[in-house]
Amino acid sequence: MKRSRAEGWPTLAAQIPTKDGKKLDWNDLLQRGKLTAEHMEEYLYHGALLIAASAADKARLVYAKKGWNSFHLDFNFRLYWFSADLEKLNKTTEELRKTHTDWDDDKLKDEAIKAAGTIEEICDCLPQVLYYMASEITDDYWYYVRVEFDHGGPPVKSAFTATQLRENTEFRKRLFAVAAGGIWTGKPNQLERWLKQQTHGVRVVKTIDYVGYAKEFGAWIFADVAIQNGKVYRANAEDYFELGRVSVKSLSKSVELDLNTDLAGFSTDWLPLFWTCFGAHGLAVLSFYFLSLFAEQISAKLKFFPFLEVIGEPGSGKSTCIEFAWKLFGRIWEGFDPTTSNAAAVARYFNQVSGLPVALIEGDRTVDQATGRPQKSFEWDSTKKLYNRRGFKARGVKNGGNDVYDPPFRGTLAVVQNHPIQADKATLERFIQIPFDKKGHTDTTRNAVRKLETLGMSALSGFLVKACCAEKEVLETFFATLPEMEKLLAKEPLLKTYRIVMHHALLIAGVRTLQRVLPITDEQFSETLSVLFSLAVKRQRDISSDHPILEAFWALFHDIEDAAPEDQPALNHSLNPKLIAINLTDYAQYVGKHGLQFQAPNISDLRRLFPGSTTHKFVGNKVVDSAVRKAHNAKCMNSQRMSESVRCWVFER
């Protein structure tokens, strides 16, 4: 247009107005019979707006077309406000009519508005409401706004609350913060008029507050990639996904996955290296991560999903294995330490994802330097409800009512640490334990690890995309294989606990199903099956006996009692020879007095483990007549006598 005018050509422009986000071309209009003279007049009007030389010229075009006395308009990525003084306009029009008798009405109106109209800048950038977002559960609502600039910088996008969008002062604050200095100088009524036009018929986009599998849409939804029914979708220019007739996006910014959607470039050349490094134990871990993608679909039928516990001494390879598994999911991560996070942070970690593992590392890492025992550890028993997909922690909704927000657990739980988890039997039954050690570490395995670590994200993260795209085939194979694996393990007479059988059968079925995505050989599957079979038997044996901490306590207890004089019991307060009664305060004092701190279990661990004791069956926590106190009082003066009633943990001898 600029060149044409410079060369002296008379110029016009025609533009098709965009309606409801639909963009048509001239051929579309021709086929719909919308290229009549009347239609062309509308297109030429929009073309004139497009090529207006100034904000004032554009305002006069709008006034001539619409006849509005005041309105907002944008020009060169800034917002302006036009207003006309009607009295001055009429007076100027009459004066011009008398002095310029050769002008037609359009010319008179145009010249009069130049004198009677005023235009002012109300914003030095251009905000535009793109769509409306709502979270019905938490009763939160937002408008997603794009802000563009005349300085050529990239546009910014951000969510505004209803208050931030409607209140003049709040809008000025929010815009200044979001747009890196964008300034709104408009008045409240100008904001109201602009907002009314922006939000009329605005698109509604459904939201989720996590990333991963959203069962209400039957799709995996991440920041810029969504997968539904085997098809990959990219987020559009306005940062949401159009899945058929549904518009949806994730509000979560905490979990970012770098996913390679070019499956033609996905290679499985790393699998032999992975097997060399980690063998069957690594493949079992990979099976858990793989099945985590389908945890929502699996738990919908089974009503549970097991936990994973990866243990091993430092340098055993467990962290390297876990970090590689995360690379397959497009994430550089290992997990978070629950002992350094407060309760609210831990709850948010559990709610951030769906169909992805939530990894906890070193929950027992903080230790007393003198004794080597944990001083602070995560309460693993608090995870029990996650097993059946119930929420970890509820919170009140700020809506003036009694509503609470208690989202179900949608992910899976993986724990990685040096030492086994310390918890009651019901909790331990929920975990599949995969141990790592340094046996078999050679120059070959070390070289393989180094090669694995050099592989970039783009070469690996297609795994998640490929697995999710194969959803139908994966689930059919898994549910067809699971009963077969369950029957196989159930034949072993040493396996008596249903959970242990089902959990290990599930992981074995996962390895078999993983063959649909990765070229796992039958020999590798057989070896992994054998390892998981052995781990199931070991888990059954561990669950059936006392926890190692309890075993150490009972051994120490009996050593102390056996060494005590018959007339002066050391720790057993029970007068009933068929019972044992232990007061933990007395126990701690005895341990400290006799220098047994290094071999004596921690009191907090004992409180947690006592109810599950099998060496001596737990009876209850109650007040008893103390044999220890009676023996003490029999030898003391009245001033040194102690109360003979004491609260104890009571067990069958």
# chains A, B, ... in the order shown; residues from 1 in each chain; ligands from 1
>>> residues_around(residues="Leu475 (chain A)", least_positions_apart="6", cutoff="10 Å", atoms="only C-alpha atoms", output="ChimeraX atom specification")
/A:291,294,297-298,481,510,513
>>> write_last_selection(atoms="N, CA, C and O atoms", output="PDB file, in the first residue's frame")
ATOM      1  N   LEU A 291       3.719 -48.335  33.377  1.00  0.00           N
ATOM      2  CA  LEU A 291       2.339 -48.548  33.812  1.00  0.00           C
ATOM      3  C   LEU A 291       1.764 -47.315  34.502  1.00  0.00           C
ATOM      4  O   LEU A 291       0.543 -47.120  34.526  1.00  0.00           O
ATOM      5  N   PHE A 294      -0.697 -45.267  32.702  1.00  0.00           N
ATOM      6  CA  PHE A 294      -2.058 -45.791  32.589  1.00  0.00           C
ATOM      7  C   PHE A 294      -2.658 -46.099  33.963  1.00  0.00           C
ATOM      8  O   PHE A 294      -3.581 -46.906  34.075  1.00  0.00           O
ATOM      9  N   GLN A 297      -6.481 -45.597  34.303  1.00  0.00           N
ATOM     10  CA  GLN A 297      -7.284 -46.625  33.648  1.00  0.00           C
ATOM     11  C   GLN A 297      -7.183 -47.958  34.379  1.00  0.00           C
ATOM     12  O   GLN A 297      -8.175 -48.676  34.528  1.00  0.00           O
ATOM     13  N   ILE A 298      -5.977 -48.294  34.869  1.00  0.00           N
ATOM     14  CA  ILE A 298      -5.777 -49.570  35.569  1.00  0.00           C
ATOM     15  C   ILE A 298      -6.496 -49.565  36.916  1.00  0.00           C
ATOM     16  O   ILE A 298      -7.200 -50.515  37.275  1.00  0.00           O
ATOM     17  N   THR A 481      -3.042 -60.117  30.070  1.00  0.00           N
ATOM     18  CA  THR A 481      -1.875 -60.795  30.649  1.00  0.00           C
ATOM     19  C   THR A 481      -1.951 -60.902  32.167  1.00  0.00           C
ATOM     20  O   THR A 481      -1.457 -61.875  32.757  1.00  0.00           O
ATOM     21  N   GLY A 510       3.263 -55.782  33.245  1.00  0.00           N
ATOM     22  CA  GLY A 510       3.750 -54.535  32.667  1.00  0.00           C
ATOM     23  C   GLY A 510       4.937 -54.760  31.757  1.00  0.00           C
ATOM     24  O   GLY A 510       5.052 -54.140  30.696  1.00  0.00           O
ATOM     25  N   THR A 513       3.673 -56.269  28.576  1.00  0.00           N
ATOM     26  CA  THR A 513       3.003 -55.241  27.780  1.00  0.00           C
ATOM     27  C   THR A 513       4.005 -54.267  27.177  1.00  0.00           C
ATOM     28  O   THR A 513       3.821 -53.761  26.070  1.00  0.00           O
TER      29      THR A 513
END
>>> residues_around(residues="region 14-31 of chain A", least_positions_apart="6", cutoff="12 Å", atoms="only C-alpha atoms", output="ChimeraX atom specification")
/A:1,39-51,130-131,198-204,237-238
>>> residues_around(residues="Thr454 (chain A)", least_positions_apart="6", cutoff="12 Å", atoms="only C-alpha atoms", output="PyMOL selection string")
chain A and resi 270+273+324+327+447-448+460
>>> select_by_dssp(residues="region 162-378 of chain A", states="alpha helix (DSSP H)", output="JSON, numbers by chain")
{"A": [162, 163, 164, 165, 166, 168, 169, 170, 171, 172, 173, 174, 175, 176, 177, 178, 188, 189, 190, 191, 192, 193, 194, 195, 196, 197, 198, 199, 271, 272, 273, 274, 275, 276, 277, 278, 279, 280, 281, 282, 283, 284, 285, 286, 287, 288, 289, 290, 291, 292, 295, 296, 297, 298, 299, 300, 301, 302, 318, 319, 320, 321, 322, 323, 324, 325, 326, 327, 343, 344, 345, 346, 347, 348, 349, 350, 351]}
>>> atom_distance(atom1="CA of Pro519 (chain A)", atom2="CA of Gly312 (chain A)")
27.6 Å
>>> select_by_dssp(residues="region 411-487 of chain A", states="strand (DSSP E)", output="NGL selection string")
:A and (412-417 or 431-435)
>>> closest_residue(among="A:Gly218, A:Gly230, A:Glu121, A:Tyr349", to="Glu473 (chain A)", atoms="only C-alpha atoms")
A:Gly230
